$ cat coords29.tsv   # TSV, C-alpha atoms
chain	number	residue	atom	x	y	z
A	1	MET	CA	8.89	8.97	2.17
A	2	ARG	CA	7.42	6.48	4.54
A	3	LEU	CA	8.93	5.06	7.72
A	4	GLU	CA	8.57	1.32	7.27
A	5	LYS	CA	9.03	-1.48	9.78
A	6	CYS	CA	11.83	-4.00	9.52
A	7	TRP	CA	10.36	-7.39	8.65
A	8	PHE	CA	12.65	-9.20	11.04
A	9	CYS	CA	12.98	-7.08	14.15
A	10	SER	CA	10.06	-4.62	13.65
A	11	SER	CA	12.15	-1.54	14.27
A	12	THR	CA	11.61	1.54	12.07
A	13	VAL	CA	13.66	1.78	8.91
A	14	TYR	CA	14.61	5.41	8.26
A	15	PRO	CA	15.41	6.73	4.76
A	16	GLY	CA	18.90	5.82	3.70
A	17	HIS	CA	19.06	2.70	5.85
A	18	GLY	CA	18.62	-0.96	5.19
A	19	ILE	CA	17.83	-3.26	2.31
A	20	GLN	CA	14.56	-4.08	0.59
A	21	PHE	CA	14.17	-7.57	-0.88
A	22	VAL	CA	11.40	-8.34	-3.38
A	23	ARG	CA	10.60	-12.02	-3.71
A	24	ASN	CA	9.32	-13.63	-6.88
A	25	ASP	CA	5.77	-13.64	-5.57
A	26	ALA	CA	6.00	-9.84	-5.30
A	27	LYS	CA	6.16	-9.80	-1.50
A	28	ILE	CA	8.46	-7.03	-0.21
A	29	PHE	CA	10.75	-7.64	2.77
A	30	ARG	CA	12.35	-4.59	4.37
A	31	PHE	CA	15.30	-4.88	6.71
A	32	CYS	CA	16.72	-2.20	8.94
A	33	ARG	CA	20.31	-3.42	8.91
A	34	SER	CA	22.46	-6.28	7.69
A	35	LYS	CA	22.00	-8.16	10.96
A	36	CYS	CA	18.30	-8.67	10.19
A	37	HIS	CA	18.99	-9.29	6.51
A	38	LYS	CA	21.54	-12.00	7.29
A	39	ASN	CA	19.23	-13.63	9.81
A	40	PHE	CA	16.52	-13.70	7.15
A	41	LYS	CA	18.88	-15.28	4.63
A	42	MET	CA	19.66	-17.96	7.23
A	43	LYS	CA	15.92	-18.64	7.21
A	44	ARG	CA	15.58	-17.90	10.93
A	45	ASN	CA	12.09	-17.44	12.23
A	46	PRO	CA	11.85	-14.04	13.98
A	47	ARG	CA	9.33	-15.53	16.41
A	48	LYS	CA	12.12	-17.68	17.79
A	49	VAL	CA	14.87	-15.08	17.90
A	50	LYS	CA	14.88	-13.56	21.36
A	51	TRP	CA	15.68	-9.92	20.63
A	52	THR	CA	12.99	-9.33	18.00
A	53	LYS	CA	9.67	-7.67	18.68
A	54	ALA	CA	7.84	-10.66	17.22
A	55	PHE	CA	9.32	-12.92	19.91
A	56	ARG	CA	8.64	-10.44	22.67
A	57	ARG	CA	5.03	-10.00	21.65
A	58	LEU	CA	4.48	-13.71	21.27
A	59	HIS	CA	5.93	-14.51	24.71
A	60	GLY	CA	4.11	-11.75	26.54
A	61	LYS	CA	7.17	-9.64	27.25
A	62	ASP	CA	5.68	-6.65	25.42
A	63	MET	CA	2.17	-5.29	25.10
A	64	THR	CA	0.21	-7.07	22.38
A	65	GLN	CA	-3.29	-5.66	22.05
A	66	ASP	CA	-3.84	-2.01	22.65
A	67	SER	CA	-6.03	0.65	21.15
A	68	THR	CA	-3.00	2.88	20.56
A	69	PHE	CA	-1.75	0.42	17.94
A	70	GLU	CA	-4.84	1.04	15.83
A	71	PHE	CA	-3.68	4.58	15.08
A	72	GLU	CA	-0.53	3.39	13.34
A	73	ARG	CA	-2.31	1.07	10.91
A	74	LYS	CA	-1.67	1.72	7.19
A	75	ARG	CA	-4.75	3.21	5.56
A	76	ASN	CA	-5.63	2.54	1.93
A	77	ARG	CA	-8.50	4.95	1.50
A	78	PRO	CA	-7.36	8.54	2.00
A	79	GLU	CA	-9.49	11.44	3.12
A	80	ARG	CA	-9.54	14.85	1.57
A	81	TYR	CA	-7.02	17.22	3.12
A	82	ASN	CA	-8.48	19.31	5.89
A	83	ARG	CA	-6.17	21.70	7.69
A	84	ASN	CA	-7.94	21.50	11.04
A	85	VAL	CA	-7.99	17.73	11.02
A	86	THR	CA	-4.28	17.69	10.19
A	87	MET	CA	-3.49	20.06	13.04
A	88	GLU	CA	-5.51	18.00	15.47
A	89	THR	CA	-3.86	14.82	14.22
A	90	LEU	CA	-0.39	16.21	14.82
A	91	LYS	CA	-1.29	17.16	18.37
A	92	ALA	CA	-2.93	13.78	18.90
A	93	ILE	CA	0.16	11.93	17.67
A	94	LYS	CA	2.24	13.38	20.49
A	95	LYS	CA	-0.37	12.57	23.07
A	96	ILE	CA	-0.92	9.04	21.81
A	97	ASP	CA	2.82	8.42	21.93
A	98	LYS	CA	2.94	9.49	25.55
A	99	ILE	CA	0.00	7.30	26.42
A	100	ARG	CA	1.49	4.31	24.64
A	101	VAL	CA	4.82	4.70	26.43
A	102	ALA	CA	3.00	4.97	29.77
A	103	ARG	CA	1.00	1.84	29.02
A	104	GLU	CA	4.10	-0.09	28.03
A	105	ALA	CA	5.80	0.98	31.26
A	106	ARG	CA	2.78	-0.17	33.21
A	107	HIS	CA	2.82	-3.50	31.40
A	108	HIS	CA	6.47	-3.86	32.34
A	109	THR	CA	5.86	-3.12	36.03
A	110	MET	CA	2.95	-5.57	36.07
A	111	ARG	CA	5.22	-8.17	34.54
A	112	MET	CA	7.99	-7.52	37.07
A	113	LYS	CA	5.66	-7.34	40.06
A	114	GLY	CA	6.42	-9.96	42.71
A	115	LYS	CA	10.00	-10.24	41.53
A	116	LYS	CA	11.39	-8.77	44.76
A	117	GLY	CA	9.36	-11.12	46.94
A	118	MET	CA	10.50	-14.12	44.89
A	119	GLU	CA	14.11	-13.00	45.12
A	120	GLN	CA	13.88	-12.67	48.93
A	121	LYS	CA	12.35	-16.12	49.28
A	122	ALA	CA	14.95	-17.67	47.01
A	123	ALA	CA	17.76	-15.97	49.00
A	124	ALA	CA	16.39	-17.24	52.32
A	125	ARG	CA	16.08	-20.77	51.00
A	126	GLU	CA	19.58	-20.64	49.62
A	127	LEU	CA	20.94	-19.48	52.94
A	128	GLU	CA	19.26	-22.39	54.70
A	129	GLN	CA	20.14	-25.13	52.30
A	130	ASP	CA	23.33	-24.13	50.60
A	131	ILE	CA	25.34	-22.52	53.40
A	132	SER	CA	27.73	-25.48	52.98
A	133	LEU	CA	28.96	-23.83	49.79
A	134	VAL	CA	30.41	-21.08	51.91
A	135	LYS	CA	31.39	-22.78	55.16
A	136	ALA	CA	32.24	-26.48	55.63
A	137	PRO	CA	29.58	-28.39	57.66
A	138	LEU	CA	32.25	-29.56	60.18
A	139	ALA	CA	33.20	-25.97	60.95
A	140	LEU	CA	29.60	-25.04	61.38
A	141	ARG	CA	28.98	-27.81	63.89
A	142	GLU	CA	32.01	-26.85	66.01
A	143	LYS	CA	31.39	-23.20	66.19
A	144	SER	CA	27.75	-22.71	66.44
A	145	SER	CA	28.21	-18.98	66.31
A	146	LEU	CA	28.89	-19.29	62.61
A	147	THR	CA	25.43	-20.53	61.80
A	148	LEU	CA	22.65	-18.17	61.43
A	149	SER	CA	20.13	-19.78	63.69
A	150	LYS	CA	16.94	-18.14	64.60
A	151	ILE	CA	17.06	-17.06	68.25
A	152	LYS	CA	14.36	-15.09	69.90
A	153	VAL	CA	15.82	-12.19	71.82
A	154	LYS	CA	13.66	-10.14	74.08
A	155	ALA	CA	14.14	-6.45	73.55
A	156	SER	CA	15.09	-5.03	77.02
A	157	GLN	CA	14.95	-1.55	78.33
A	158	PRO	CA	18.10	0.45	77.73
A	159	GLN	CA	20.27	-0.03	80.89
A	160	ALA	CA	22.57	2.52	82.38
A	161	GLU	CA	25.82	2.56	80.62
A	162	TYR	CA	28.75	0.92	82.47
A	163	PRO	CA	31.82	2.99	82.80
A	164	MET	CA	34.30	2.16	80.11
A	165	GLU	CA	37.29	1.54	82.39
A	166	GLU	CA	37.29	-1.57	84.66
B	167	MET	CA	-13.57	13.74	-31.82
B	168	ALA	CA	-10.26	12.01	-31.76
B	169	THR	CA	-7.08	13.99	-31.36
B	170	ARG	CA	-3.56	12.88	-32.11
B	171	VAL	CA	-1.08	13.38	-29.27
B	172	GLN	CA	2.50	12.56	-28.41
B	173	PHE	CA	4.17	12.21	-25.01
B	174	GLU	CA	7.79	13.28	-25.32
B	175	ASN	CA	7.99	11.85	-28.83
B	176	CYS	CA	6.34	8.58	-27.79
B	177	CYS	CA	3.03	7.53	-29.35
B	178	ASP	CA	1.95	5.21	-26.53
B	179	ILE	CA	-0.09	7.80	-24.74
B	180	GLY	CA	-2.27	5.23	-22.98
B	181	VAL	CA	0.80	4.45	-20.89
B	182	PHE	CA	1.18	8.01	-19.64
B	183	SER	CA	-2.42	9.03	-19.12
B	184	LYS	CA	-5.79	7.75	-17.98
B	185	LEU	CA	-9.12	9.11	-19.18
B	186	THR	CA	-12.54	8.42	-17.71
B	187	ASN	CA	-15.88	10.18	-17.80
B	188	ALA	CA	-15.19	11.97	-14.52
B	189	TYR	CA	-11.48	12.83	-14.57
B	190	CYS	CA	-8.26	12.64	-16.52
B	191	LEU	CA	-4.87	11.71	-15.09
B	192	VAL	CA	-1.75	12.86	-16.87
B	193	ALA	CA	1.90	12.03	-16.25
B	194	ILE	CA	4.43	14.73	-15.44
B	195	GLY	CA	6.42	15.27	-18.61
B	196	GLY	CA	9.48	17.32	-19.39
B	197	SER	CA	7.41	19.98	-21.18
B	198	GLU	CA	3.82	21.07	-20.67
B	199	ASN	CA	2.68	20.13	-24.21
B	200	PHE	CA	1.08	16.85	-23.25
B	201	TYR	CA	-0.79	18.33	-20.34
B	202	SER	CA	-1.92	21.42	-22.23
B	203	ILE	CA	-3.50	19.36	-25.03
B	204	PHE	CA	-5.68	17.56	-22.50
B	205	GLU	CA	-6.36	20.74	-20.64
B	206	GLY	CA	-7.40	22.52	-23.81
B	207	GLU	CA	-9.78	19.76	-24.74
B	208	LEU	CA	-11.20	18.68	-21.39
B	209	ALA	CA	-10.64	21.34	-18.73
B	210	ASP	CA	-14.17	22.78	-18.81
B	211	ALA	CA	-15.78	19.38	-18.43
B	212	ILE	CA	-13.63	17.31	-16.10
B	213	PRO	CA	-10.58	17.86	-13.84
B	214	VAL	CA	-7.24	17.10	-15.48
B	215	VAL	CA	-4.77	16.00	-12.80
B	216	LYS	CA	-1.01	15.81	-13.15
B	217	THR	CA	0.34	13.00	-11.03
B	218	SER	CA	2.85	10.23	-10.63
B	219	ILE	CA	2.28	6.76	-9.24
B	220	ALA	CA	5.02	5.11	-7.21
B	221	GLY	CA	7.28	7.88	-8.46
B	222	THR	CA	6.88	6.69	-12.06
B	223	ARG	CA	5.27	8.26	-15.13
B	224	ILE	CA	3.59	5.11	-16.46
B	225	ILE	CA	0.39	5.96	-14.63
B	226	GLY	CA	-1.96	4.74	-17.35
B	227	ARG	CA	-0.80	1.16	-16.93
B	228	LEU	CA	-0.65	1.20	-13.15
B	229	CYS	CA	-4.07	2.47	-12.22
B	230	ALA	CA	-7.59	1.49	-13.22
B	231	GLY	CA	-10.77	3.45	-12.81
B	232	ASN	CA	-14.06	4.76	-14.03
B	233	LYS	CA	-16.35	7.58	-12.98
B	234	ASN	CA	-17.09	5.86	-9.65
B	235	GLY	CA	-13.61	5.18	-8.39
B	236	LEU	CA	-9.88	4.89	-8.96
B	237	LEU	CA	-7.75	1.94	-7.94
B	238	VAL	CA	-4.03	2.41	-7.44
B	239	PRO	CA	-1.35	-0.18	-6.63
B	240	HIS	CA	0.20	-0.68	-3.20
B	241	THR	CA	3.45	0.92	-4.39
B	242	THR	CA	1.73	4.31	-4.61
B	243	THR	CA	3.18	6.62	-1.99
B	244	ASP	CA	1.05	8.26	0.67
B	245	GLN	CA	1.65	11.71	-0.78
B	246	GLU	CA	0.53	10.66	-4.26
B	247	VAL	CA	-2.59	9.01	-2.96
B	248	GLN	CA	-3.38	12.11	-0.92
B	249	HIS	CA	-2.81	14.32	-3.98
B	250	LEU	CA	-5.21	12.18	-6.00
B	251	ARG	CA	-7.80	12.33	-3.28
B	252	ASN	CA	-7.52	16.12	-3.05
B	253	SER	CA	-7.67	16.70	-6.81
B	254	LEU	CA	-10.46	14.34	-7.76
B	255	PRO	CA	-14.15	15.03	-7.12
B	256	ASP	CA	-15.70	13.51	-4.01
B	257	GLN	CA	-17.80	10.98	-5.90
B	258	VAL	CA	-14.63	9.27	-7.07
B	259	VAL	CA	-13.37	6.86	-4.42
B	260	VAL	CA	-9.58	6.56	-4.38
B	261	GLN	CA	-8.36	3.25	-3.01
B	262	ARG	CA	-4.94	1.68	-2.75
B	263	ILE	CA	-4.98	-2.07	-3.36
B	264	GLU	CA	-2.65	-4.72	-1.95
B	265	GLU	CA	-2.26	-7.03	-4.87
B	266	ARG	CA	0.51	-9.14	-6.31
B	267	LEU	CA	-0.27	-7.96	-9.86
B	268	SER	CA	0.41	-4.32	-9.23
B	269	ALA	CA	0.01	-2.97	-12.77
B	270	LEU	CA	-3.74	-2.58	-12.44
B	271	GLY	CA	-4.05	-0.75	-15.76
B	272	ASN	CA	-2.80	-3.86	-17.52
B	273	CYS	CA	-5.02	-6.20	-15.53
B	274	ILE	CA	-8.33	-4.36	-15.40
B	275	SER	CA	-10.25	-2.88	-18.28
B	276	CYS	CA	-13.53	-1.21	-17.40
B	277	ASN	CA	-16.27	1.19	-18.29
B	278	ASP	CA	-18.94	2.48	-15.95
B	279	TYR	CA	-20.89	-0.80	-15.85
B	280	VAL	CA	-18.67	-3.76	-16.67
B	281	ALA	CA	-15.07	-4.72	-16.04
B	282	LEU	CA	-12.82	-7.34	-17.57
B	283	THR	CA	-10.02	-8.58	-15.35
B	284	HIS	CA	-6.87	-10.66	-15.54
B	285	PRO	CA	-7.81	-14.28	-14.81
B	286	ASP	CA	-5.22	-14.53	-12.01
B	287	LEU	CA	-6.45	-11.55	-10.04
B	288	ASP	CA	-7.04	-12.13	-6.30
B	289	ARG	CA	-10.58	-12.71	-5.17
B	290	GLU	CA	-10.37	-9.84	-2.66
B	291	THR	CA	-9.21	-7.52	-5.42
B	292	GLU	CA	-12.07	-8.64	-7.62
B	293	GLU	CA	-14.52	-7.87	-4.83
B	294	LEU	CA	-12.91	-4.47	-4.29
B	295	VAL	CA	-13.20	-3.73	-8.01
B	296	ALA	CA	-16.87	-4.66	-8.01
B	297	ASP	CA	-17.45	-2.66	-4.86
B	298	ILE	CA	-15.51	0.54	-5.56
B	299	LEU	CA	-15.98	0.85	-9.32
B	300	GLY	CA	-19.58	-0.33	-9.10
B	301	VAL	CA	-19.19	-2.76	-11.97
B	302	GLU	CA	-19.87	-6.35	-12.83
B	303	VAL	CA	-16.56	-8.18	-13.05
B	304	PHE	CA	-15.69	-10.86	-15.63
B	305	ARG	CA	-12.44	-12.81	-15.62
B	306	GLN	CA	-11.71	-13.13	-19.30
B	307	THR	CA	-8.91	-13.18	-21.79
B	308	VAL	CA	-8.92	-11.14	-24.96
B	309	ALA	CA	-7.54	-12.80	-28.08
B	310	GLY	CA	-5.59	-15.16	-25.84
B	311	ASN	CA	-3.94	-12.26	-24.00
B	312	ILE	CA	-4.33	-12.28	-20.25
B	313	LEU	CA	-3.45	-8.58	-19.97
B	314	VAL	CA	-6.95	-7.46	-20.77
B	315	GLY	CA	-6.34	-3.94	-19.53
B	316	SER	CA	-3.81	-3.19	-22.23
B	317	TYR	CA	-5.15	-5.21	-25.11
B	318	CYS	CA	-8.72	-4.01	-25.19
B	319	SER	CA	-10.31	-0.66	-24.61
B	320	PHE	CA	-14.02	-0.01	-24.17
B	321	THR	CA	-16.37	2.69	-23.00
B	322	ASN	CA	-20.10	2.82	-22.44
B	323	LYS	CA	-20.63	3.30	-26.18
B	324	GLY	CA	-18.32	0.79	-27.83
B	325	GLY	CA	-15.06	-1.08	-27.69
B	326	LEU	CA	-11.93	-1.91	-29.63
B	327	VAL	CA	-10.11	-5.24	-29.51
B	328	PRO	CA	-6.89	-6.46	-31.15
B	329	PRO	CA	-7.06	-7.46	-34.82
B	330	HIS	CA	-6.66	-11.24	-34.59
B	331	THR	CA	-9.54	-11.77	-32.17
B	332	SER	CA	-11.72	-14.61	-33.40
B	333	ILE	CA	-15.34	-13.98	-34.32
B	334	GLU	CA	-16.60	-16.21	-31.49
B	335	ASP	CA	-14.45	-14.34	-28.99
B	336	LEU	CA	-15.75	-11.06	-30.34
B	337	ASP	CA	-19.37	-12.16	-30.01
B	338	GLU	CA	-18.82	-13.53	-26.52
B	339	LEU	CA	-17.16	-10.35	-25.33
B	340	SER	CA	-19.80	-8.24	-26.97
B	341	THR	CA	-22.58	-10.05	-25.11
B	342	LEU	CA	-20.68	-9.86	-21.82
B	343	LEU	CA	-19.93	-6.17	-22.13
B	344	GLN	CA	-23.21	-5.22	-23.83
B	345	VAL	CA	-21.41	-2.83	-26.19
B	346	PRO	CA	-20.59	-3.14	-29.90
B	347	LEU	CA	-17.02	-4.30	-30.41
B	348	VAL	CA	-14.74	-3.96	-33.39
B	349	ALA	CA	-11.33	-5.45	-34.05
B	350	GLY	CA	-8.85	-2.79	-34.99
B	351	THR	CA	-5.40	-1.41	-34.37
B	352	VAL	CA	-3.89	1.86	-33.22
B	353	ASN	CA	-0.61	3.67	-33.86
B	354	ARG	CA	0.04	2.16	-37.28
B	355	GLY	CA	-0.80	-1.45	-36.50
B	356	SER	CA	0.01	-1.72	-32.79
B	357	GLU	CA	-2.11	-4.39	-31.14
B	358	VAL	CA	-1.78	-2.94	-27.69
B	359	ILE	CA	-4.92	-0.88	-28.04
B	360	SER	CA	-5.19	0.54	-24.56
B	361	ALA	CA	-1.56	1.60	-24.50
B	362	GLY	CA	-1.92	3.51	-27.75
B	363	MET	CA	-5.09	5.44	-27.08
B	364	ILE	CA	-7.35	6.71	-24.33
B	365	VAL	CA	-11.05	7.22	-24.71
B	366	ASN	CA	-14.16	8.23	-22.82
B	367	ASP	CA	-17.75	8.78	-23.82
B	368	TRP	CA	-17.17	11.94	-25.81
B	369	THR	CA	-13.46	12.24	-26.67
B	370	ALA	CA	-10.54	10.10	-27.62
B	371	PHE	CA	-6.84	10.71	-27.87
B	372	CYS	CA	-4.52	8.57	-29.98
B	373	GLY	CA	-0.82	8.40	-30.59
B	374	SER	CA	0.31	10.55	-33.46
B	375	ASP	CA	1.30	7.49	-35.49
B	376	THR	CA	-2.37	6.53	-35.80
B	377	THR	CA	-3.42	6.46	-39.43
B	378	ALA	CA	-6.55	8.13	-40.74
B	379	THR	CA	-8.20	4.75	-41.29
B	380	GLU	CA	-7.60	3.69	-37.71
B	381	LEU	CA	-8.86	7.03	-36.47
B	382	SER	CA	-12.08	6.73	-38.47
B	383	VAL	CA	-12.63	3.21	-37.12
B	384	ILE	CA	-12.14	4.53	-33.59
B	385	GLU	CA	-14.50	7.40	-34.13
B	386	SER	CA	-17.20	5.18	-35.56
B	387	VAL	CA	-17.05	2.42	-32.93
B	388	PHE	CA	-16.87	4.77	-29.95
B	389	LYS	CA	-19.55	7.01	-31.50
B	390	LEU	CA	-17.49	10.15	-31.11
B	391	ASN	CA	-18.98	11.96	-34.08
B	392	GLU	CA	-21.59	14.59	-33.37
B	393	SER	CA	-24.44	14.18	-35.80
B	394	GLN	CA	-24.50	17.71	-37.22
B	395	PRO	CA	-23.42	17.78	-40.87
B	396	SER	CA	-21.00	20.68	-40.51
B	397	MET	CA	-19.35	18.99	-37.57
B	398	ILE	CA	-18.96	15.84	-39.64
B	399	VAL	CA	-17.13	17.71	-42.35
B	400	ASP	CA	-14.82	19.43	-39.86
B	401	GLU	CA	-14.07	16.27	-37.92
B	402	MET	CA	-13.56	14.22	-41.03
B	403	ARG	CA	-11.08	16.79	-42.22
B	404	LYS	CA	-9.21	16.47	-38.98
B	405	SER	CA	-9.02	12.70	-39.25
B	406	LEU	CA	-8.32	12.60	-42.96
B	407	ILE	CA	-5.42	14.99	-42.87
B	408	ASP	CA	-2.36	13.69	-41.09
B	409	SER	CA	-1.32	16.91	-39.45
B	410	TYR	CA	1.87	17.48	-37.54
B	411	VAL	CA	1.68	19.81	-34.56
$ encode --input "coords29.tsv" --output "structure tokens"
Amino acid sequence: MRLEKCWFCSSTVYPGHGIQFVRNDAKIFRFCRSKCHKNFKMKRNPRKVKWTKAFRRLHGKDMTQDSTFEFERKRNRPERYNRNVTMETLKAIKKIDKIRVAREARHHTMRMKGKKGMEQKAAARELEQDISLVKAPLALREKSSLTLSKIKVKASQPQAEYPMEE
Amino acid sequence: MATRVQFENCCDIGVFSKLTNAYCLVAIGGSENFYSIFEGELADAIPVVKTSIAGTRIIGRLCAGNKNGLLVPHTTTDQEVQHLRNSLPDQVVVQRIEERLSALGNCISCNDYVALTHPDLDRETEELVADILGVEVFRQTVAGNILVGSYCSFTNKGGLVPPHTSIEDLDELSTLLQVPLVAGTVNRGSEVISAGMIVNDWTAFCGSDTTATELSVIESVFKLNESQPSMIVDEMRKSLIDSYV
């Protein structure tokens, strides 16, 4: 039993799922579900379909080159079974998974960095330019209190509180 | 000496087994008869390994190898490849090959020095064959058949080719392979030599349909007779009498 990757979306195909298509040139295409299979039959290029891993890798949304990917490569020359090596490998698999997830999270934060600043700037500009979408320009000119103009107010010392009545 | 064998009542034993100078691969049959014949004959000299390839029993036609290495197709599962690696001696390199023509036993025929391959084999596969099996590779056809792995069978001592091979072809192949070649049949006139018999430098196994004449041809071309007179009498008796196990 081997957990293969879907040819279209690159997700893992577990036993009992999906369809395997063998073309006349003996190339095998594995699909995780009918969605991917139907997209393949429509001759769609996975590099252009937004939700696939191929697209995300190509457009820099997901991590492309990393040393953790080397561990998952298919190997064609086996090594003799060694119990210690197997035990170490099983422990390493867990650790490598954790590291890979951490690196992907870091890649995501790096990608999203500066988003907040951009959003603030865009909001400020919108407020300046497009306030007319909210309030009519005539109304703004009449009642200047409705505009949000920048006034410099000097912060004064807290005065004694006036009595509430009279 | 050549022994007659059957795999579950089928005489094409070259389909279900692979024999080299360093190991023997046997398919998993319903009963242990097939395996025990090989074990009885070969166990003290080389490891006899029961295996499947890609979950199938037609291992003789799917894999190709000699004493230096074993090549298996890309359809071989990880567990099978690991089993082969664990069971075979360390000098034998087990390698899985990504190749469009996945029945390597039909495409590659080799001994320890030379290999004949299917003319349409990939260049990378050819390089892998030369590298892992340590052989010189020739892209050739045998008697007009491109499936050289099934239609001819040769060892370091000699070789057998299908009956209607022309004399020129025979001479050409003989010079390429540097071994004496003879045109013959196996299993009562079957031309698919390599599917009907398996052979290495000191033993051969044939399907039980093989006639005494065919068996004597095999024994003479592959030089399987030991040169002691008593042995000759015993072995000739074995090949002359069509015995049923």
$ interface_residues --input "coords29.tsv" --of "chain B" --to "chain A" --cutoff "12 Å" --atoms "all atoms listed in the file" --output "PyMOL selection string"
chain B and resi 220-221+235-269+294+298
$ closest_residue --input "coords29.tsv" --among "A:Gly16, A:Phe8, A:Arg33, A:Arg23" --to "Asn45 of chain A" --atoms "all atoms listed in the file"
A:Phe8
$ atom_distance --input "coords29.tsv" --atom1 "atom CA of Gly271 of chain B" --atom2 "atom CA of Ser360 of chain B"
9.0 Å
$ residues_around --input "coords29.tsv" --residues "segment 48-61 of chain A" --least-positions-apart "2" --cutoff "9 Å" --atoms "only C-alpha atoms" --output "JSON, numbers by chain"
{"A": [8, 9, 10, 11, 44, 45, 46, 63, 64, 107, 108, 111]}
$ axis_aligned_box --input "coords29.tsv" --around "segment 34-45 of chain A" --padding-each-side "8 Å" --output "AutoDock Vina command-line options"
--center_x 17.3 --center_y -12.5 --center_z 8.4 --size_x 26.4 --size_y 28.4 --size_z 23.6
$ residues_near_point --input "coords29.tsv" --point "(-16.7, 2.8, -8.9)" --cutoff "7 Å" --atoms "only C-alpha atoms" --output "PyMOL selection string"
chain B and resi 232-235+259+297-301
$ atom_distance --input "coords29.tsv" --atom1 "atom CA of Ala281 of chain B" --atom2 "atom CA of Ala361 of chain B"
17.1 Å
$ atom_distance --input "coords29.tsv" --atom1 "atom CA of Gln129 of chain A" --atom2 "atom CA of Lys116 of chain A"
20.0 Å
$ residues_around --input "coords29.tsv" --residues "segment 327-341 of chain B" --least-positions-apart "5" --cutoff "10 Å" --atoms "all atoms listed in the file" --output "PyMOL selection string"
chain B and resi 282+304+306-311+314+316-320+346-352+355-360
